[in-house]
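Asks: What follows is a structure written as structure tokens; I'll ask about it next.
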Amino acid sequence: DFYFFYNLLKNGTKFSFSKYADGEYAKLVNQRIATQDNWAFNPDTDFKSREELLDSFRFNENGYYVGISCPCCQPMAHVQWMRDNVGVYKDHLTWANIFVNGNYKKFVENFIPEFNNHEIILVGTEKGDPSTLPFKVEKYIPIGTAAFRDNLNLVTELPQENYQNKLFLFCAGPLGNMLAAKMWKHNKNNIYMDIGSTLNPWLAVHDGKYVSGANRGYLFDNIPTSKKICIW
């Protein structure tokens, strides 16, 4: 699956990828949570963003791929709920962790060099500095910590733009899921990838130190998750 997406990107084939892990699961089932990225979901006040997230999880069109949690990383009951409620067909279903854990080194070695061959629009933390990235970004769209709520306007506004042959990268938590679905629905002339925390070594470093969310285990060679190969 990793090389399936890599080859789509390398060949310029248009597609959209959206990943749903533990934080997204909690929001999908309307469970109150607070995450290591300093965003919290309140079912009583964040119902609008939850509906958008549900819509993206149920969305199904050719070329739209969804990654969900695996039973080695989440309780099987959570995984089964995702399998039972996701909108895409089985051949468009993959791992939420496709680019991280034991695959992260391959992501850095393959995807990041390939990014240099594309015109990139990146949605990421307002604290990030895109000039530190190992590839050029044509446009950087800054978002806040609770972007799924505070920057929800992007779900309506971005699809209205007539982008052509761009690579959109979403490092935006649940907002990335919403954008991956909504933008694919309205414009299939670009590639959309929800890549989560994979760029944290660059975007989540401030004054030489990791900020919240940057210290995910797979980013460090001496942490077990950096060698973890997820199962289905």
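Within each chain, counting starts at residue 1; across the structure tokens, chains are named A, B, ... in the order shown, with ligands numbered 1 upward in that order.
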Would you tabulate, counting only C-alpha atoms, all residues of stretch 95-152 of chain A that have an atom at most 6 Å from an atom of stretch 168-174 of chain A, showing the closest pair of atoms and their distance in Å to one decimal, sorted by chain then ascending number, as JSON lines?

Replies:
```
{"residue": "A:Ile120", "atom": "CA", "partner": "A:Phe168", "partner_atom": "CA", "distance": 5.8}
{"residue": "A:Ile121", "atom": "CA", "partner": "A:Phe168", "partner_atom": "CA", "distance": 4.8}
{"residue": "A:Leu122", "atom": "CA", "partner": "A:Leu169", "partner_atom": "CA", "distance": 4.8}
{"residue": "A:Val123", "atom": "CA", "partner": "A:Phe170", "partner_atom": "CA", "distance": 5.0}
{"residue": "A:Gly124", "atom": "CA", "partner": "A:Cys171", "partner_atom": "CA", "distance": 4.9}
{"residue": "A:Phe148", "atom": "CA", "partner": "A:Pro174", "partner_atom": "CA", "distance": 5.7}
```

Asks: Going by DSSP on the backbone, which residues of stretch 1-226 of chain A come out as helix (DSSP H, G or I)? List them as a ChimeraX atom specification.

Replies: /A:2-10,22-28,47-58,76-85,90-92,101-115,130-132,147-150,154-160,174-186,200-203,217-219,224-226

Asks: Next, dump the selected residues to file, keeping only C-alpha atoms, as an mmCIF file, in the first residue's frame.

Replies:
```cif
data_model
loop_
_atom_site.group_PDB
_atom_site.id
_atom_site.type_symbol
_atom_site.label_atom_id
_atom_site.label_comp_id
_atom_site.auth_asym_id
_atom_site.auth_seq_id
_atom_site.Cartn_x
_atom_site.Cartn_y
_atom_site.Cartn_z
ATOM 1 C CA PHE A 2 2.863 2.382 0.783
ATOM 2 C CA TYR A 3 4.326 2.025 -2.694
ATOM 3 C CA PHE A 4 0.871 2.120 -4.271
ATOM 4 C CA PHE A 5 0.469 5.704 -3.053
ATOM 5 C CA TYR A 6 4.068 6.558 -3.818
ATOM 6 C CA ASN A 7 3.643 5.453 -7.438
ATOM 7 C CA LEU A 8 0.389 7.378 -7.790
ATOM 8 C CA LEU A 9 2.221 10.508 -6.665
ATOM 9 C CA LYS A 10 5.299 9.850 -8.784
ATOM 10 C CA ASP A 22 -7.508 7.409 17.498
ATOM 11 C CA GLY A 23 -8.257 11.131 17.784
ATOM 12 C CA GLU A 24 -10.487 11.120 14.734
ATOM 13 C CA TYR A 25 -12.229 7.962 15.956
ATOM 14 C CA ALA A 26 -13.123 9.621 19.268
ATOM 15 C CA LYS A 27 -14.577 12.582 17.458
ATOM 16 C CA LEU A 28 -16.490 10.405 15.004
ATOM 17 C CA PHE A 47 -21.099 19.349 16.689
ATOM 18 C CA LYS A 48 -20.690 21.235 13.395
ATOM 19 C CA SER A 49 -17.104 20.094 12.905
ATOM 20 C CA ARG A 50 -18.079 16.553 13.888
ATOM 21 C CA GLU A 51 -20.723 16.503 11.152
ATOM 22 C CA GLU A 52 -18.097 17.604 8.636
ATOM 23 C CA LEU A 53 -15.771 14.862 9.840
ATOM 24 C CA LEU A 54 -18.536 12.258 9.595
ATOM 25 C CA ASP A 55 -19.294 13.419 6.067
ATOM 26 C CA SER A 56 -15.658 12.966 5.091
ATOM 27 C CA PHE A 57 -15.552 9.484 6.669
ATOM 28 C CA ARG A 58 -18.701 8.421 4.807
ATOM 29 C CA MET A 76 -10.476 -4.075 17.944
ATOM 30 C CA ALA A 77 -13.899 -2.645 18.758
ATOM 31 C CA HIS A 78 -12.743 0.756 17.506
ATOM 32 C CA VAL A 79 -11.221 -0.764 14.391
ATOM 33 C CA GLN A 80 -14.371 -2.740 13.646
ATOM 34 C CA TRP A 81 -16.523 0.354 14.045
ATOM 35 C CA MET A 82 -14.380 2.116 11.466
ATOM 36 C CA ARG A 83 -14.562 -0.835 9.076
ATOM 37 C CA ASP A 84 -18.331 -1.021 9.452
ATOM 38 C CA ASN A 85 -19.005 2.705 9.048
ATOM 39 C CA LYS A 90 -12.582 -2.105 0.485
ATOM 40 C CA ASP A 91 -10.147 -1.567 -2.367
ATOM 41 C CA HIS A 92 -9.930 2.110 -1.342
ATOM 42 C CA ASN A 101 5.858 3.921 12.555
ATOM 43 C CA GLY A 102 8.045 1.407 10.684
ATOM 44 C CA ASN A 103 7.212 3.078 7.361
ATOM 45 C CA TYR A 104 8.373 6.549 8.370
ATOM 46 C CA LYS A 105 11.976 6.075 7.273
ATOM 47 C CA LYS A 106 10.714 4.995 3.856
ATOM 48 C CA PHE A 107 8.425 8.019 3.801
ATOM 49 C CA VAL A 108 11.388 10.339 4.344
ATOM 50 C CA GLU A 109 13.500 8.503 1.769
ATOM 51 C CA ASN A 110 10.816 8.303 -0.922
ATOM 52 C CA PHE A 111 8.002 10.808 -0.537
ATOM 53 C CA ILE A 112 9.974 13.829 0.635
ATOM 54 C CA PRO A 113 12.361 13.827 -2.367
ATOM 55 C CA GLU A 114 9.361 13.298 -4.651
ATOM 56 C CA PHE A 115 7.642 16.349 -3.162
ATOM 57 C CA PRO A 130 7.998 26.316 5.800
ATOM 58 C CA SER A 131 11.458 27.585 4.859
ATOM 59 C CA THR A 132 12.932 24.829 7.067
ATOM 60 C CA ALA A 147 -8.054 24.009 13.425
ATOM 61 C CA PHE A 148 -10.998 21.586 13.116
ATOM 62 C CA ARG A 149 -13.025 24.291 14.880
ATOM 63 C CA ASP A 150 -11.191 27.605 14.482
ATOM 64 C CA LEU A 154 -11.315 26.546 4.970
ATOM 65 C CA VAL A 155 -13.580 23.559 4.271
ATOM 66 C CA THR A 156 -15.887 25.932 2.401
ATOM 67 C CA GLU A 157 -13.402 28.443 1.046
ATOM 68 C CA LEU A 158 -10.529 26.329 -0.319
ATOM 69 C CA PRO A 159 -12.670 24.163 -2.658
ATOM 70 C CA GLN A 160 -13.948 27.349 -4.320
ATOM 71 C CA PRO A 174 -9.207 16.383 11.714
ATOM 72 C CA LEU A 175 -9.359 19.444 9.462
ATOM 73 C CA GLY A 176 -7.143 17.549 7.023
ATOM 74 C CA ASN A 177 -9.750 14.797 6.755
ATOM 75 C CA MET A 178 -12.474 17.284 5.953
ATOM 76 C CA LEU A 179 -10.349 19.046 3.350
ATOM 77 C CA ALA A 180 -9.220 15.818 1.676
ATOM 78 C CA ALA A 181 -12.836 14.797 1.093
ATOM 79 C CA LYS A 182 -14.382 18.177 0.301
ATOM 80 C CA MET A 183 -11.673 19.258 -2.099
ATOM 81 C CA TRP A 184 -11.704 15.936 -3.964
ATOM 82 C CA LYS A 185 -15.475 16.236 -4.298
ATOM 83 C CA HIS A 186 -15.191 19.673 -5.905
ATOM 84 C CA ASN A 200 6.883 17.582 12.650
ATOM 85 C CA PRO A 201 10.713 17.420 12.644
ATOM 86 C CA TRP A 202 10.575 20.644 10.617
ATOM 87 C CA LEU A 203 7.262 22.364 11.296
ATOM 88 C CA GLY A 217 7.766 7.912 19.017
ATOM 89 C CA TYR A 218 8.191 6.969 15.374
ATOM 90 C CA LEU A 219 10.268 10.113 14.812
ATOM 91 C CA PRO A 224 9.964 0.925 19.505
ATOM 92 C CA THR A 225 7.245 2.538 17.362
ATOM 93 C CA SER A 226 9.893 3.627 14.874
#
```

Asks: With only C-alpha atoms as the basis for distance, which of A:Cys230, A:Asn190, A:Ala146, A:Leu152 is at the shortest distance from A:Phe17?

Replies: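 When distances to A:Phe17 are compared using only C-alpha atoms, the smallest one comes from A:Asn190.
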
Asks: Just asking: which residues within stretch 7-232 of chain A are strand (DSSP E) according to DSSP, as JSON, numbers by chain?

Replies: {"A": [16, 17, 18, 19, 20, 33, 34, 40, 41, 64, 65, 66, 67, 68, 93, 94, 95, 120, 121, 122, 123, 124, 125, 139, 140, 141, 142, 143, 167, 168, 169, 170, 191, 192, 193, 194, 205, 206, 209, 210]}

Asks: Can I get the selection written as a short mmCIF file (atom, residue, chain, number, x, y, z; two decimals), in the first residue's frame, with N, CA, C and O atoms?

Replies:
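Below you can see selection20.cif, which holds the result:
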```
data_model
loop_
_atom_site.label_atom_id
_atom_site.label_comp_id
_atom_site.auth_asym_id
_atom_site.auth_seq_id
_atom_site.Cartn_x
_atom_site.Cartn_y
_atom_site.Cartn_z
N SER A 16 -6.92 11.38 -3.67
CA SER A 16 -7.01 12.02 -2.37
C SER A 16 -6.92 10.95 -1.30
O SER A 16 -7.53 9.89 -1.40
N PHE A 17 -6.13 11.24 -0.25
CA PHE A 17 -5.95 10.30 0.85
C PHE A 17 -6.26 10.99 2.17
O PHE A 17 -5.77 12.08 2.46
N SER A 18 -7.10 10.34 2.97
CA SER A 18 -7.51 10.88 4.27
C SER A 18 -7.35 9.80 5.32
O SER A 18 -7.79 8.67 5.14
N LYS A 19 -6.71 10.13 6.46
CA LYS A 19 -6.44 9.11 7.48
C LYS A 19 -7.18 9.42 8.79
O LYS A 19 -7.28 10.57 9.21
N TYR A 20 -7.67 8.37 9.41
CA TYR A 20 -8.44 8.49 10.65
C TYR A 20 -7.84 7.56 11.70
O TYR A 20 -7.94 6.34 11.59
N ILE A 33 -12.60 14.37 24.16
CA ILE A 33 -11.18 14.02 24.25
C ILE A 33 -10.32 15.27 24.35
O ILE A 33 -10.73 16.37 23.99
N ALA A 34 -9.09 15.07 24.83
CA ALA A 34 -8.04 16.07 24.79
C ALA A 34 -6.80 15.36 24.27
O ALA A 34 -6.46 14.28 24.75
N ALA A 40 -8.79 19.88 21.88
CA ALA A 40 -9.79 19.11 22.61
C ALA A 40 -11.10 19.16 21.85
O ALA A 40 -11.42 20.15 21.18
N PHE A 41 -11.86 18.08 21.94
CA PHE A 41 -13.16 18.00 21.29
C PHE A 41 -14.25 17.95 22.35
O PHE A 41 -14.22 17.10 23.24
N TYR A 64 -10.70 8.43 -4.04
CA TYR A 64 -10.65 8.88 -2.65
C TYR A 64 -10.34 7.68 -1.77
O TYR A 64 -11.11 6.72 -1.72
N TYR A 65 -9.20 7.73 -1.08
CA TYR A 65 -8.73 6.62 -0.25
C TYR A 65 -8.75 7.02 1.22
O TYR A 65 -8.44 8.15 1.58
N VAL A 66 -9.09 6.05 2.05
CA VAL A 66 -9.20 6.30 3.49
C VAL A 66 -8.33 5.33 4.27
O VAL A 66 -8.35 4.12 4.03
N GLY A 67 -7.55 5.88 5.22
CA GLY A 67 -6.77 5.06 6.12
C GLY A 67 -7.45 5.01 7.48
O GLY A 67 -7.91 6.04 7.98
N ILE A 68 -7.56 3.82 8.05
CA ILE A 68 -8.19 3.66 9.36
C ILE A 68 -7.25 2.96 10.33
O ILE A 68 -6.23 2.41 9.94
N LEU A 93 -9.50 1.24 0.87
CA LEU A 93 -9.28 1.30 2.31
C LEU A 93 -7.86 0.85 2.65
O LEU A 93 -7.36 -0.13 2.10
N THR A 94 -7.21 1.58 3.56
CA THR A 94 -5.84 1.25 3.92
C THR A 94 -5.58 1.64 5.38
O THR A 94 -6.51 1.92 6.13
N TRP A 95 -4.32 1.69 5.76
CA TRP A 95 -3.92 1.99 7.13
C TRP A 95 -3.86 3.50 7.38
O TRP A 95 -3.33 4.25 6.56
N ILE A 120 3.48 22.63 -4.42
CA ILE A 120 2.86 22.23 -3.17
C ILE A 120 2.14 23.38 -2.47
O ILE A 120 2.68 24.49 -2.35
N ILE A 121 0.95 23.07 -2.01
CA ILE A 121 0.20 23.95 -1.10
C ILE A 121 0.06 23.18 0.20
O ILE A 121 -0.52 22.09 0.23
N LEU A 122 0.63 23.72 1.26
CA LEU A 122 0.69 23.03 2.54
C LEU A 122 -0.16 23.73 3.60
O LEU A 122 -0.01 24.94 3.81
N VAL A 123 -1.02 22.98 4.24
CA VAL A 123 -1.82 23.49 5.35
C VAL A 123 -1.19 22.94 6.64
O VAL A 123 -1.16 21.72 6.85
N GLY A 124 -0.65 23.83 7.48
CA GLY A 124 0.05 23.38 8.67
C GLY A 124 0.03 24.42 9.78
O GLY A 124 -0.52 25.52 9.62
N THR A 125 0.64 24.09 10.88
CA THR A 125 0.61 24.92 12.07
C THR A 125 1.10 26.35 11.83
O THR A 125 2.09 26.57 11.12
N LYS A 139 2.78 27.62 -1.50
CA LYS A 139 1.89 28.39 -0.64
C LYS A 139 1.73 27.67 0.69
O LYS A 139 1.52 26.46 0.72
N TYR A 140 1.83 28.42 1.78
CA TYR A 140 1.66 27.85 3.12
C TYR A 140 0.44 28.48 3.75
O TYR A 140 0.33 29.71 3.85
N ILE A 141 -0.49 27.64 4.18
CA ILE A 141 -1.72 28.12 4.80
C ILE A 141 -1.66 27.79 6.29
O ILE A 141 -1.78 26.64 6.69
N PRO A 142 -1.44 28.79 7.14
CA PRO A 142 -1.28 28.55 8.59
C PRO A 142 -2.62 28.33 9.28
O PRO A 142 -3.62 28.97 8.96
N ILE A 143 -2.62 27.42 10.23
CA ILE A 143 -3.83 27.11 11.00
C ILE A 143 -3.49 27.05 12.48
O ILE A 143 -2.34 26.86 12.86
N LEU A 167 -0.19 19.83 -5.52
CA LEU A 167 -0.15 18.80 -4.49
C LEU A 167 -0.48 19.47 -3.16
O LEU A 167 0.29 20.31 -2.68
N PHE A 168 -1.62 19.13 -2.60
CA PHE A 168 -2.02 19.65 -1.31
C PHE A 168 -1.56 18.69 -0.22
O PHE A 168 -1.87 17.49 -0.28
N LEU A 169 -0.85 19.20 0.77
CA LEU A 169 -0.44 18.41 1.92
C LEU A 169 -1.13 18.98 3.16
O LEU A 169 -1.05 20.18 3.42
N PHE A 170 -1.80 18.10 3.89
CA PHE A 170 -2.53 18.53 5.08
C PHE A 170 -1.85 17.99 6.34
O PHE A 170 -1.83 16.78 6.57
N ILE A 191 -3.79 16.62 -6.39
CA ILE A 191 -3.56 15.52 -5.47
C ILE A 191 -3.68 16.07 -4.05
O ILE A 191 -3.17 17.16 -3.75
N TYR A 192 -4.38 15.32 -3.20
CA TYR A 192 -4.59 15.74 -1.82
C TYR A 192 -4.11 14.63 -0.88
O TYR A 192 -4.54 13.50 -1.00
N MET A 193 -3.22 14.99 0.06
CA MET A 193 -2.69 13.99 0.97
C MET A 193 -2.74 14.49 2.41
O MET A 193 -2.15 15.53 2.74
N ASP A 194 -3.42 13.75 3.25
CA ASP A 194 -3.43 13.99 4.69
C ASP A 194 -2.23 13.25 5.27
O ASP A 194 -2.26 12.03 5.39
N VAL A 205 9.20 22.34 15.26
CA VAL A 205 10.39 22.72 16.02
C VAL A 205 10.40 24.24 16.16
O VAL A 205 10.27 24.98 15.17
N HIS A 206 10.51 24.71 17.38
CA HIS A 206 10.50 26.15 17.63
C HIS A 206 11.64 26.50 18.58
O HIS A 206 11.78 25.90 19.64
N LYS A 209 13.67 23.56 19.75
CA LYS A 209 13.05 22.52 20.57
C LYS A 209 11.74 22.08 19.95
O LYS A 209 11.05 22.85 19.29
N TYR A 210 11.39 20.81 20.19
CA TYR A 210 10.10 20.31 19.75
C TYR A 210 9.00 21.00 20.54
O TYR A 210 9.09 21.14 21.75
#
```

Asks: Pick the closest to A:Ile98 from A:Ala21, A:Ala204, A:Ile223, A:Val86: which is it, counting only C-alpha atoms?

Replies: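 The answer is A:Ala21, which sits nearest to A:Ile98.
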